[in-house]
>>> print(open('work21.txt').read())   # compact mmCIF, C-alpha atoms
# COMPACT_ATOMS: atom_id res chain seq x y z
CA MET A 11 64.36 113.12 171.12
CA THR A 12 64.49 116.62 169.59
CA MET A 13 61.99 118.35 167.33
CA MET A 14 62.72 120.33 164.17
CA THR A 15 60.42 122.11 161.74
CA LEU A 16 61.04 122.51 158.02
CA ARG A 17 59.02 124.90 155.84
CA ALA A 18 58.36 125.41 152.13
CA GLU A 19 55.94 127.38 150.00
CA SER A 20 54.96 127.64 146.37
CA ALA A 21 53.26 130.53 144.60
CA LEU A 22 49.79 130.10 143.13
CA ASP A 23 49.15 131.01 139.49
CA ASP A 24 45.42 131.26 140.24
CA ASP A 25 42.97 130.04 142.86
CA SER A 26 41.69 127.00 140.96
CA SER A 27 41.79 123.52 142.49
CA ALA A 28 44.23 122.37 139.80
CA ALA A 29 46.62 125.25 140.53
CA MET A 30 46.45 124.54 144.26
CA ALA A 31 47.23 120.84 143.74
CA ALA A 32 50.19 121.73 141.50
CA ALA A 33 51.54 124.21 144.04
CA TYR A 34 51.01 121.65 146.82
CA ARG A 35 53.21 119.19 144.91
CA ASP A 36 55.85 121.85 144.24
CA ALA A 37 56.03 122.73 147.92
CA ALA A 38 56.26 119.04 148.80
CA VAL A 39 59.21 118.68 146.41
CA VAL A 40 60.99 121.53 148.20
CA LEU A 41 60.29 119.88 151.56
CA LEU A 42 61.72 116.60 150.33
CA GLY A 43 64.91 118.38 149.32
CA ARG A 44 65.17 120.01 152.74
CA LEU A 45 64.60 116.66 154.43
CA LYS A 46 67.48 115.18 152.46
CA ALA A 47 69.71 118.17 153.20
CA SER A 48 68.97 117.70 156.90
CA GLN A 49 69.72 113.97 156.57
CA CYS A 50 66.27 113.15 157.89
CA SER A 51 64.00 110.36 156.76
CA PRO A 52 60.37 110.97 155.74
CA ALA A 53 59.58 108.41 158.43
CA SER A 54 60.43 111.11 161.00
CA MET A 55 57.56 113.39 159.94
CA ALA A 56 55.36 113.92 162.99
CA ARG A 57 53.05 116.78 162.01
CA LEU A 58 52.14 118.56 158.78
CA THR A 59 50.59 122.02 158.57
CA VAL A 60 49.06 123.03 155.23
CA ILE A 61 48.41 126.75 154.68
CA SER A 62 46.31 127.89 151.70
CA PRO A 63 44.11 130.87 150.83
CA GLY A 64 41.01 130.52 152.95
CA GLY A 65 42.17 127.08 154.04
CA ARG A 66 40.59 125.67 150.88
CA LEU A 67 43.24 123.09 150.02
CA ASP A 68 42.28 119.73 151.49
CA PRO A 69 45.28 117.35 151.56
CA ARG A 70 42.81 114.45 151.71
CA ASP A 71 41.43 115.33 148.28
CA PRO A 72 42.29 112.46 145.88
CA VAL A 73 44.27 114.73 143.54
CA CYS A 74 46.31 116.17 146.41
CA GLU A 75 46.75 112.69 147.83
CA ARG A 76 48.23 111.51 144.51
CA ARG A 77 50.60 114.48 144.42
CA TRP A 78 51.79 113.82 147.97
CA ARG A 79 52.40 110.14 147.25
CA GLU A 80 54.27 111.03 144.08
CA VAL A 81 56.82 112.81 146.27
CA PHE A 82 56.73 110.93 149.59
CA GLY A 83 55.21 107.54 148.78
CA GLY A 84 53.28 106.16 151.71
CA PHE A 85 55.09 108.24 154.33
CA ARG A 86 52.84 110.72 156.05
CA PRO A 87 52.84 112.53 159.40
CA ALA A 88 50.72 111.29 162.24
CA SER A 89 48.70 114.51 162.31
CA VAL A 90 47.71 117.06 159.66
CA GLU A 91 46.45 120.59 160.32
CA VAL A 92 44.87 122.87 157.71
CA GLN A 93 45.19 126.63 158.20
CA ALA A 94 43.84 129.62 156.30
CA GLY A 95 46.31 132.07 154.85
CA GLN A 96 46.07 135.39 153.02
CA ALA A 97 49.01 135.19 150.59
CA PRO A 98 48.53 133.60 147.14
CA THR A 99 50.75 130.67 148.09
CA ILE A 100 50.57 127.10 149.35
CA GLY A 101 52.70 126.73 152.46
CA LEU A 102 53.78 123.51 154.14
CA ALA A 103 55.47 123.00 157.48
CA ILE A 104 56.56 119.61 158.76
CA THR A 105 57.62 118.96 162.32
CA LEU A 106 60.14 116.16 162.62
CA ALA A 107 60.88 113.85 165.50
CA ALA A 108 64.61 113.22 165.07
CA ALA A 109 65.75 110.06 166.80
CA SER A 110 69.30 108.76 167.11
CA PRO A 111 70.14 105.84 164.80
CA SER A 112 69.85 102.46 166.48
CA ALA A 113 72.57 99.84 166.46
CA ALA A 114 70.25 97.53 164.53
CA GLU A 115 70.53 99.81 161.50
CA ALA A 116 74.17 98.76 161.08
CA THR A 117 73.46 95.02 161.36
CA PRO A 118 73.36 92.93 158.15
CA VAL A 119 69.83 91.61 157.63
CA TRP A 120 69.77 90.09 154.12
CA GLN A 121 72.54 88.76 151.89
CA GLY A 122 75.09 90.57 154.04
CA LEU A 123 73.46 93.98 153.56
CA THR A 124 72.35 96.37 156.31
CA PRO A 125 69.00 98.20 156.12
CA ALA A 126 70.78 101.33 154.90
CA GLU A 127 72.55 99.34 152.19
CA LEU A 128 69.27 97.78 151.11
CA ASP A 129 67.75 101.25 150.86
CA ALA A 130 70.64 102.30 148.65
CA THR A 131 70.57 99.30 146.31
CA TYR A 132 66.77 99.18 145.93
CA SER A 133 66.02 102.91 145.92
CA ALA A 134 65.11 103.44 142.27
CA ARG A 135 64.10 107.05 142.94
CA ALA A 136 67.42 107.97 144.56
CA ALA A 137 69.26 106.43 141.59
CA VAL A 138 67.33 108.67 139.18
CA PRO A 139 67.45 112.27 140.52
CA GLU A 140 65.12 113.49 137.76
CA HIS A 141 62.38 110.99 138.66
CA LEU A 142 59.87 113.65 139.72
CA ALA A 143 60.21 115.40 136.35
CA ILE A 144 59.63 112.03 134.68
CA PHE A 145 56.47 111.46 136.71
CA GLU A 146 55.20 114.90 135.76
CA ARG A 147 55.89 114.22 132.09
CA TRP A 148 54.12 110.86 132.28
CA ARG A 149 51.12 112.46 133.99
CA ASP A 150 50.77 115.21 131.38
CA ALA A 151 51.20 112.76 128.49
CA GLY A 152 48.77 110.32 130.07
CA GLU A 153 46.08 112.96 130.40
CA ARG A 154 46.49 113.83 126.72
CA VAL A 155 46.02 110.18 125.76
CA LEU A 156 42.97 109.82 127.98
CA ALA A 157 41.45 112.93 126.40
CA SER A 158 42.14 111.85 122.81
CA ARG A 159 41.36 108.11 122.80
CA GLU A 160 38.18 106.13 123.24
CA VAL A 161 38.31 105.03 126.85
CA TYR A 162 35.92 104.09 129.63
CA ARG A 163 37.35 105.56 132.81
CA ASP A 164 37.16 104.41 136.42
CA LEU A 165 35.20 101.23 135.80
CA PRO A 166 34.74 99.29 139.07
CA TYR A 167 36.01 95.77 139.66
CA GLY A 168 35.37 96.03 143.40
CA GLU A 169 33.77 98.30 145.96
CA ALA A 170 36.81 100.28 147.22
CA PRO A 171 37.48 103.69 145.57
CA LEU A 172 40.82 102.51 144.14
CA GLN A 173 39.45 99.23 142.81
CA ARG A 174 38.99 100.82 139.40
CA PHE A 175 40.36 100.49 135.88
CA ASP A 176 40.43 102.47 132.65
CA PHE A 177 39.45 100.37 129.64
CA PHE A 178 40.49 101.15 126.07
CA PRO A 179 38.40 99.01 123.71
CA ALA A 180 39.93 97.51 120.59
CA PRO A 181 38.64 98.62 117.17
CA ARG A 182 37.76 95.01 116.30
CA PRO A 183 36.39 92.12 118.39
CA ASN A 184 38.54 89.27 119.69
CA ALA A 185 41.65 91.41 120.08
CA PRO A 186 44.35 90.60 122.64
CA LEU A 187 44.08 92.36 125.99
CA LEU A 188 46.95 94.06 127.82
CA VAL A 189 46.41 94.37 131.58
CA PHE A 190 48.80 97.03 132.91
CA LEU A 191 49.86 97.22 136.58
CA HIS A 192 51.70 100.38 137.61
CA GLY A 193 54.62 100.59 140.02
CA GLY A 194 55.26 102.93 142.95
CA TYR A 195 56.67 100.56 145.59
CA TRP A 196 53.10 99.53 146.45
CA GLN A 197 52.50 103.03 147.90
CA ALA A 198 52.10 105.51 145.04
CA MET A 199 51.30 106.29 141.39
CA ASP A 200 48.07 105.95 139.44
CA LYS A 201 46.83 104.31 136.26
CA ALA A 202 46.27 107.68 134.55
CA GLU A 203 49.98 108.47 134.74
CA HIS A 204 50.83 105.51 132.50
CA ALA A 205 48.33 105.89 129.66
CA SER A 206 50.93 107.18 127.19
CA LEU A 207 53.01 104.02 127.64
CA ILE A 208 50.36 101.81 126.02
CA GLU A 209 49.67 103.87 122.91
CA GLY A 210 51.64 101.46 120.73
CA HIS A 211 49.35 98.63 121.80
CA LEU A 212 46.29 100.74 121.01
CA ASP A 213 47.70 101.55 117.57
CA ALA A 214 48.29 97.83 117.01
CA GLY A 215 44.63 97.05 117.72
CA TRP A 216 44.87 95.72 121.27
CA ALA A 217 42.39 96.32 124.04
CA VAL A 218 44.03 97.70 127.20
CA ALA A 219 42.99 97.77 130.86
CA LEU A 220 44.96 100.12 133.13
CA LEU A 221 44.44 98.98 136.72
CA ASN A 222 44.50 100.81 140.01
CA TYR A 223 44.68 98.96 143.31
CA ARG A 224 44.57 99.97 146.94
CA LEU A 225 47.82 101.49 148.21
CA CYS A 226 49.95 100.93 151.28
CA PRO A 227 49.93 101.73 154.14
CA GLU A 228 46.11 101.95 154.17
CA ALA A 229 46.16 98.54 152.47
CA THR A 230 48.77 95.78 152.64
CA ILE A 231 50.56 93.99 149.83
CA ALA A 232 48.32 91.00 150.57
CA ASP A 233 45.30 93.24 149.95
CA GLN A 234 46.80 94.36 146.65
CA VAL A 235 47.31 90.78 145.52
CA GLU A 236 43.63 90.18 146.20
CA ASP A 237 42.77 93.36 144.27
CA VAL A 238 44.56 92.35 141.08
CA ARG A 239 43.14 88.84 141.30
CA LEU A 240 39.66 90.28 141.62
CA ALA A 241 40.33 92.56 138.63
CA LEU A 242 41.55 89.70 136.44
CA ARG A 243 38.52 87.60 137.35
CA HIS A 244 36.28 90.53 136.43
CA LEU A 245 37.99 90.99 133.08
CA TRP A 246 38.15 87.30 132.22
CA HIS A 247 34.45 86.79 132.90
CA GLY A 248 33.61 90.00 131.02
CA ALA A 249 35.61 89.20 127.87
CA GLU A 250 32.57 89.06 125.57
CA ARG A 251 31.16 92.27 127.01
CA TYR A 252 34.47 94.10 126.64
CA GLY A 253 35.15 92.59 123.22
CA PHE A 254 38.55 90.92 123.67
CA ASP A 255 39.88 87.38 123.29
CA ARG A 256 40.10 85.85 126.76
CA SER A 257 42.67 83.33 125.47
CA ARG A 258 45.09 86.18 124.71
CA ILE A 259 45.37 88.13 127.96
CA GLN A 260 48.82 89.51 128.71
CA VAL A 261 49.78 91.20 131.97
CA CYS A 262 52.46 93.89 132.03
CA GLY A 263 53.69 95.12 135.38
CA HIS A 264 56.44 97.54 136.39
CA SER A 265 58.39 97.36 139.67
CA ALA A 266 55.76 96.69 142.38
CA GLY A 267 53.39 96.04 139.47
CA GLY A 268 55.86 93.41 138.28
CA HIS A 269 55.51 91.70 141.65
CA LEU A 270 51.72 91.80 141.41
CA GLY A 271 51.86 90.50 137.84
CA ALA A 272 53.98 87.57 138.99
CA CYS A 273 51.42 86.88 141.72
CA LEU A 274 48.73 86.68 139.01
CA ALA A 275 50.94 84.34 137.00
CA SER A 276 51.30 82.00 139.99
CA THR A 277 47.77 82.03 141.42
CA ASP A 278 45.91 78.75 141.86
CA TRP A 279 43.03 79.96 139.73
CA SER A 280 41.04 76.73 139.69
CA SER A 281 40.78 76.82 143.48
CA LEU A 282 40.00 80.52 143.57
CA ASP A 283 37.39 80.42 140.79
CA PRO A 284 36.40 76.98 139.43
CA ALA A 285 34.95 78.61 136.31
CA MET A 286 38.39 79.84 135.28
CA PRO A 287 41.14 77.79 133.64
CA ALA A 288 44.36 76.95 135.46
CA ALA A 289 46.21 79.52 133.34
CA PRO A 290 43.96 82.46 132.38
CA LEU A 291 47.01 84.53 131.40
CA HIS A 292 48.51 83.86 128.00
CA SER A 293 51.72 85.78 128.77
CA ALA A 294 53.43 88.16 131.15
CA LEU A 295 55.90 91.01 130.62
CA LEU A 296 57.32 91.89 134.02
CA VAL A 297 59.68 94.85 134.16
CA SER A 298 62.09 95.61 137.04
CA GLY A 299 59.99 93.35 139.21
CA LEU A 300 60.43 92.60 142.90
CA PHE A 301 59.88 88.89 143.40
CA GLU A 302 61.63 88.24 146.75
CA LEU A 303 60.15 90.55 149.39
CA GLU A 304 62.40 89.82 152.35
CA PRO A 305 64.76 92.75 151.60
CA MET A 306 61.80 95.15 151.36
CA ARG A 307 60.80 94.18 154.90
CA HIS A 308 64.00 95.76 156.25
CA MET A 309 63.97 98.98 154.21
CA SER A 310 62.97 102.38 155.57
CA PHE A 311 59.45 102.00 154.20
CA GLY A 312 59.16 98.34 155.24
CA PRO A 313 56.72 99.06 158.10
CA LEU A 314 54.29 100.56 155.55
CA LEU A 315 53.89 97.38 153.50
CA GLY A 316 52.21 94.91 155.84
CA LEU A 317 55.18 92.52 156.05
CA PRO A 318 55.47 91.93 159.81
CA ASP A 319 57.68 88.85 159.61
CA ALA A 320 59.73 86.64 157.30
CA GLU A 321 56.88 84.16 156.89
CA THR A 322 54.54 86.82 155.50
CA ALA A 323 57.23 88.13 153.16
CA ARG A 324 57.92 84.63 151.85
CA ALA A 325 54.22 83.85 151.38
CA LEU A 326 53.84 86.98 149.24
CA SER A 327 57.05 86.42 147.24
CA PRO A 328 56.48 84.91 143.78
CA MET A 329 60.05 83.59 144.00
CA PHE A 330 58.66 80.70 146.08
CA ALA A 331 55.43 80.16 144.11
CA THR A 332 54.60 77.86 141.20
CA PRO A 333 53.92 79.54 137.84
CA ASN A 334 50.81 78.71 135.86
CA PRO A 335 51.45 76.06 133.19
CA GLY A 336 52.16 77.12 129.62
CA LEU A 337 52.71 80.79 130.44
CA SER A 338 54.95 82.82 128.14
CA LEU A 339 57.17 85.00 130.32
CA HIS A 340 59.56 87.86 129.58
CA LEU A 341 61.47 89.49 132.45
CA ALA A 342 63.13 92.82 131.64
CA VAL A 343 65.34 95.19 133.62
CA GLY A 344 66.89 98.51 132.67
CA GLU A 345 70.59 98.10 131.94
CA ARG A 346 71.49 100.92 134.34
CA GLU A 347 69.50 99.56 137.28
CA SER A 348 71.24 98.22 140.37
CA ALA A 349 72.59 94.69 140.57
CA ALA A 350 69.80 93.90 143.04
CA PHE A 351 67.07 94.54 140.46
CA HIS A 352 68.90 92.40 137.91
CA TRP A 353 69.25 89.63 140.50
CA GLN A 354 65.50 89.66 141.21
CA SER A 355 64.64 88.82 137.58
CA ARG A 356 67.51 86.37 136.99
CA GLU A 357 66.66 84.47 140.15
CA LEU A 358 62.96 84.27 139.32
CA ALA A 359 63.87 82.92 135.87
CA ARG A 360 66.12 80.32 137.48
CA ARG A 361 63.48 79.17 139.96
CA TRP A 362 60.57 79.19 137.52
CA GLY A 363 62.65 77.74 134.68
CA ALA A 364 62.01 74.18 135.78
CA ARG A 365 58.27 74.74 135.25
CA LEU A 366 58.20 77.05 132.23
CA GLU A 367 59.94 76.70 128.90
CA GLY A 368 61.56 79.57 127.10
CA ILE A 369 61.61 82.27 129.77
CA GLU A 370 63.23 85.38 128.31
CA VAL A 371 65.35 87.67 130.47
CA SER A 372 66.59 90.93 128.98
CA SER A 373 68.56 94.01 129.99
CA VAL A 374 67.26 96.99 128.03
CA PRO A 375 70.28 99.00 126.83
CA GLY A 376 70.84 102.50 128.15
CA THR A 377 67.77 102.60 130.40
CA HIS A 378 67.19 103.08 134.11
CA HIS A 379 64.25 102.08 136.30
CA PHE A 380 61.87 104.57 134.71
CA SER A 381 63.14 105.12 131.18
CA VAL A 382 62.92 101.37 130.58
CA MET A 383 59.13 101.70 130.68
CA GLU A 384 59.15 104.28 127.89
CA THR A 385 60.30 101.52 125.52
CA LEU A 386 56.86 99.94 126.00
CA ALA A 387 55.41 102.76 123.89
CA ASN A 388 57.93 102.22 121.11
CA GLY A 389 60.99 100.07 121.63
CA GLU A 390 62.35 96.92 123.22
CA LEU A 391 59.48 96.26 125.62
CA GLN A 392 56.86 96.80 122.96
CA ARG A 393 58.58 94.27 120.69
CA ALA A 394 58.86 91.81 123.59
CA SER A 395 55.16 92.18 124.30
CA PHE A 396 54.09 91.71 120.68
CA ASP A 397 56.39 88.71 120.24
CA MET A 398 54.56 86.77 122.96
CA ILE A 399 51.07 87.04 121.42
>>> encode(input="work21.txt", output="structure tokens")
Amino acid sequence: MTMMTLRAESALDDDSSAAMAAAYRDAAVVLLGRLKASQCSPASMARLTVISPGGRLDPRDPVCERRWREVFGGFRPASVEVQAGQAPTIGLAITLAAASPSAAEATPVWQGLTPAELDATYSARAAVPEHLAIFERWRDAGERVLASREVYRDLPYGEAPLQRFDFFPAPRPNAPLLVFLHGGYWQAMDKAEHASLIEGHLDAGWAVALLNYRLCPEATIADQVEDVRLALRHLWHGAERYGFDRSRIQVCGHSAGGHLGACLASTDWSSLDPAMPAAPLHSALLVSGLFELEPMRHMSFGPLLGLPDAETARALSPMFATPNPGLSLHLAVGERESAAFHWQSRELARRWGARLEGIEVSSVPGTHHFSVMETLANGELQRASFDMI
């Protein structure tokens, strides 16, 4: 095994915490590019050194943590060192442990595909080179929405720091409620980055809850399923307090959030909470969802997800679950997404079709894995959502 170090730095506009976090992200983007150029995986990162004026940038700060995950997901080096520098820059250095590829990496593991081929077909970020610019645009637009709308931020539904939601009340009582679950391959993203996507629902008089949940690898996918169940129970029981109609709750989830939304739509609610009906969700709009988790288990980030074996992956796959009765369901995928993403939604519709009537499956014209979500603000997804209520 050989070691290699890659370096990057980004200039600081000023010495504020916000400027440091922005420069930290910019330097991380440069490092990601150098990793790719070196044909190294983020999984090979062994040590990270962070250099900032006076050593004041703490990579464990929640804002910096979000920026890191935006670039690298749940990958992180085993050790992190913070150093003080004099220059008005943020510097990063990652030491890599470069191992030779194993023979297992060339062995088909699912539907005739090798781990590398699964990475290629399911890597939404690699398919959209401008994804980091999209995330930045979403974050800036989301902050503007949060600053301009009536919203109650970071309300707790559990005790963990990420068991929080932002709640936008409706202007009138007994409005429908949209529960939004963000994507990020179970490892990244934040509710605040998606606030601009639900403005159309706010303008139409809906209440909206933007949920966070614990992220992998600190949590597992099983933990996240429990998080969103806990959040829905909290919202359902609090309907009168929050001023929405508990008979008109719709969940909307994107990518990993689509998986979690499908888990909500197939939970045995009566056993979990006898006070709740068998089908507390009125409808579900699941976009680019991942409903069969076995392929994820073999991908480069598979070890981060808490899927140690095929049995665990199957137990957490909505593909093999029973949907709640009477649910209205729309499954959408961006037209330009890979065949694998389209298969995930078509196959869920086929399996759940025997239990649910009128499942809609759509391919949103001209969109990829991220631009498809922008039609929730004004476009195909928004119309699909409204049509189900």
>>> closest_residue(input="work21.txt", among="A:Val60, A:Leu22, A:Ala229, A:Ala136", to="Phe380 in chain A", atoms="all atoms listed in the file")
A:Ala136
>>> closest_residue(input="work21.txt", among="A:Leu317, A:Met398, A:Ala157, A:Ile369", to="Val261 in chain A", atoms="only C-alpha atoms")
A:Met398
>>> closest_residue(input="work21.txt", among="A:Arg324, A:His379, A:His211, A:Arg365", to="Ser265 in chain A", atoms="only C-alpha atoms")
A:His379
>>> atom_distance(input="work21.txt", atom1="CA of Leu295 in chain A", atom2="CA of Gln260 in chain A")
7.5 Å
>>> closest_atom_pairs(input="work21.txt", of="range 73-110 of chain A", to="range 170-194 of chain A", cutoff="12 Å", atoms="only C-alpha atoms", output="JSON lines")
{"residue": "A:Arg76", "atom": "CA", "partner": "A:Gly194", "partner_atom": "CA", "distance": 11.2}
{"residue": "A:Arg79", "atom": "CA", "partner": "A:Gly194", "partner_atom": "CA", "distance": 8.9}
{"residue": "A:Glu80", "atom": "CA", "partner": "A:Gly194", "partner_atom": "CA", "distance": 8.2}
{"residue": "A:Val81", "atom": "CA", "partner": "A:Gly194", "partner_atom": "CA", "distance": 10.5}
{"residue": "A:Phe82", "atom": "CA", "partner": "A:Gly194", "partner_atom": "CA", "distance": 10.5}
{"residue": "A:Gly83", "atom": "CA", "partner": "A:Gly194", "partner_atom": "CA", "distance": 7.4}
{"residue": "A:Gly84", "atom": "CA", "partner": "A:Gly194", "partner_atom": "CA", "distance": 9.5}
>>> residues_around(input="work21.txt", residues="Asp71 in chain A", least_positions_apart="5", cutoff="12 Å", atoms="all atoms listed in the file", output="VMD selection string")
chain A and resid 27 to 28 30 to 31 34 66 76 to 78
>>> write_last_selection(input="work21.txt", atoms="C-alpha atoms", output="PDB file, keeping the file's coordinate frame")
ATOM      1  CA  SER A  27      41.790 123.520 142.490  1.00  0.00           C
ATOM      2  CA  ALA A  28      44.230 122.370 139.800  1.00  0.00           C
ATOM      3  CA  MET A  30      46.450 124.540 144.260  1.00  0.00           C
ATOM      4  CA  ALA A  31      47.230 120.840 143.740  1.00  0.00           C
ATOM      5  CA  TYR A  34      51.010 121.650 146.820  1.00  0.00           C
ATOM      6  CA  ARG A  66      40.590 125.670 150.880  1.00  0.00           C
ATOM      7  CA  ARG A  76      48.230 111.510 144.510  1.00  0.00           C
ATOM      8  CA  ARG A  77      50.600 114.480 144.420  1.00  0.00           C
ATOM      9  CA  TRP A  78      51.790 113.820 147.970  1.00  0.00           C
TER      10      TRP A  78
END
>>> residues_near_point(input="work21.txt", point="(52.2, 134.8, 149.3)", cutoff="9 Å", atoms="all atoms listed in the file", output="PyMOL selection string")
chain A and resi 19-22+95-101
>>> write_last_selection(input="work21.txt", atoms="C-alpha atoms", output="CSV table (one decimal), in the frame of the given file")
chain,number,residue,atom,x,y,z
A,19,GLU,CA,55.9,127.4,150.0
A,20,SER,CA,55.0,127.6,146.4
A,21,ALA,CA,53.3,130.5,144.6
A,22,LEU,CA,49.8,130.1,143.1
A,95,GLY,CA,46.3,132.1,154.8
A,96,GLN,CA,46.1,135.4,153.0
A,97,ALA,CA,49.0,135.2,150.6
A,98,PRO,CA,48.5,133.6,147.1
A,99,THR,CA,50.8,130.7,148.1
A,100,ILE,CA,50.6,127.1,149.4
A,101,GLY,CA,52.7,126.7,152.5
>>> closest_residue(input="work21.txt", among="A:Asp319, A:Glu146, A:Glu236, A:Glu370", to="Gly168 in chain A", atoms="only C-alpha atoms")
A:Glu236
>>> residues_near_point(input="work21.txt", point="(59.7, 79.0, 147.2)", cutoff="12 Å", atoms="all atoms listed in the file", output="VMD selection string")
chain A and resid 276 301 to 303 321 323 to 333 357 to 358 360 to 362
>>> write_last_selection(input="work21.txt", atoms="C-alpha atoms", output="PDB file, in the frame of the given file")
ATOM      1  CA  SER A 276      51.300  82.000 139.990  1.00  0.00           C
ATOM      2  CA  PHE A 301      59.880  88.890 143.400  1.00  0.00           C
ATOM      3  CA  GLU A 302      61.630  88.240 146.750  1.00  0.00           C
ATOM      4  CA  LEU A 303      60.150  90.550 149.390  1.00  0.00           C
ATOM      5  CA  GLU A 321      56.880  84.160 156.890  1.00  0.00           C
ATOM      6  CA  ALA A 323      57.230  88.130 153.160  1.00  0.00           C
ATOM      7  CA  ARG A 324      57.920  84.630 151.850  1.00  0.00           C
ATOM      8  CA  ALA A 325      54.220  83.850 151.380  1.00  0.00           C
ATOM      9  CA  LEU A 326      53.840  86.980 149.240  1.00  0.00           C
ATOM     10  CA  SER A 327      57.050  86.420 147.240  1.00  0.00           C
ATOM     11  CA  PRO A 328      56.480  84.910 143.780  1.00  0.00           C
ATOM     12  CA  MET A 329      60.050  83.590 144.000  1.00  0.00           C
ATOM     13  CA  PHE A 330      58.660  80.700 146.080  1.00  0.00           C
ATOM     14  CA  ALA A 331      55.430  80.160 144.110  1.00  0.00           C
ATOM     15  CA  THR A 332      54.600  77.860 141.200  1.00  0.00           C
ATOM     16  CA  PRO A 333      53.920  79.540 137.840  1.00  0.00           C
ATOM     17  CA  GLU A 357      66.660  84.470 140.150  1.00  0.00           C
ATOM     18  CA  LEU A 358      62.960  84.270 139.320  1.00  0.00           C
ATOM     19  CA  ARG A 360      66.120  80.320 137.480  1.00  0.00           C
ATOM     20  CA  ARG A 361      63.480  79.170 139.960  1.00  0.00           C
ATOM     21  CA  TRP A 362      60.570  79.190 137.520  1.00  0.00           C
TER      22      TRP A 362
END
>>> atom_distance(input="work21.txt", atom1="CA of Asp283 in chain A", atom2="CA of Arg258 in chain A")
18.7 Å
>>> atom_distance(input="work21.txt", atom1="CA of Ala134 in chain A", atom2="CA of Pro318 in chain A")
23.1 Å
>>> closest_residue(input="work21.txt", among="A:Val382, A:Leu156, A:Leu106, A:Ala151", to="Ser54 in chain A", atoms="all atoms listed in the file")
A:Leu106
>>> closest_residue(input="work21.txt", among="A:Tyr167, A:Tyr223, A:Phe254, A:Phe396", to="Trp196 in chain A", atoms="all atoms listed in the file")
A:Tyr223
>>> decode(input="work21.txt", residues="range 130-156 of chain A", atoms="C-alpha atoms", output="PDB file, in the first residue's frame")
ATOM      1  CA  ALA A 130     -21.854   4.162 -12.920  1.00  0.00           C
ATOM      2  CA  THR A 131     -25.559   3.464 -13.424  1.00  0.00           C
ATOM      3  CA  TYR A 132     -26.681   4.776 -10.017  1.00  0.00           C
ATOM      4  CA  SER A 133     -24.281   7.707  -9.645  1.00  0.00           C
ATOM      5  CA  ALA A 134     -26.651  10.633 -10.153  1.00  0.00           C
ATOM      6  CA  ARG A 135     -23.926  13.137  -9.295  1.00  0.00           C
ATOM      7  CA  ALA A 136     -21.482  11.780 -11.883  1.00  0.00           C
ATOM      8  CA  ALA A 137     -24.238  11.939 -14.514  1.00  0.00           C
ATOM      9  CA  VAL A 138     -24.779  15.646 -13.790  1.00  0.00           C
ATOM     10  CA  PRO A 139     -21.355  17.380 -13.731  1.00  0.00           C
ATOM     11  CA  GLU A 140     -22.923  20.685 -12.659  1.00  0.00           C
ATOM     12  CA  HIS A 141     -24.566  19.163  -9.572  1.00  0.00           C
ATOM     13  CA  LEU A 142     -22.507  21.201  -7.095  1.00  0.00           C
ATOM     14  CA  ALA A 143     -23.600  24.447  -8.769  1.00  0.00           C
ATOM     15  CA  ILE A 144     -27.196  23.219  -8.536  1.00  0.00           C
ATOM     16  CA  PHE A 145     -26.806  22.524  -4.815  1.00  0.00           C
ATOM     17  CA  GLU A 146     -25.376  25.982  -4.281  1.00  0.00           C
ATOM     18  CA  ARG A 147     -28.275  27.555  -6.174  1.00  0.00           C
ATOM     19  CA  TRP A 148     -30.801  25.552  -4.160  1.00  0.00           C
ATOM     20  CA  ARG A 149     -29.118  26.566  -0.906  1.00  0.00           C
ATOM     21  CA  ASP A 150     -29.134  30.279  -1.755  1.00  0.00           C
ATOM     22  CA  ALA A 151     -32.743  30.163  -2.975  1.00  0.00           C
ATOM     23  CA  GLY A 152     -33.808  28.170   0.070  1.00  0.00           C
ATOM     24  CA  GLU A 153     -32.316  30.699   2.455  1.00  0.00           C
ATOM     25  CA  ARG A 154     -34.206  33.483   0.682  1.00  0.00           C
ATOM     26  CA  VAL A 155     -37.481  31.578   1.091  1.00  0.00           C
ATOM     27  CA  LEU A 156     -36.790  30.877   4.754  1.00  0.00           C
TER      28      LEU A 156
END
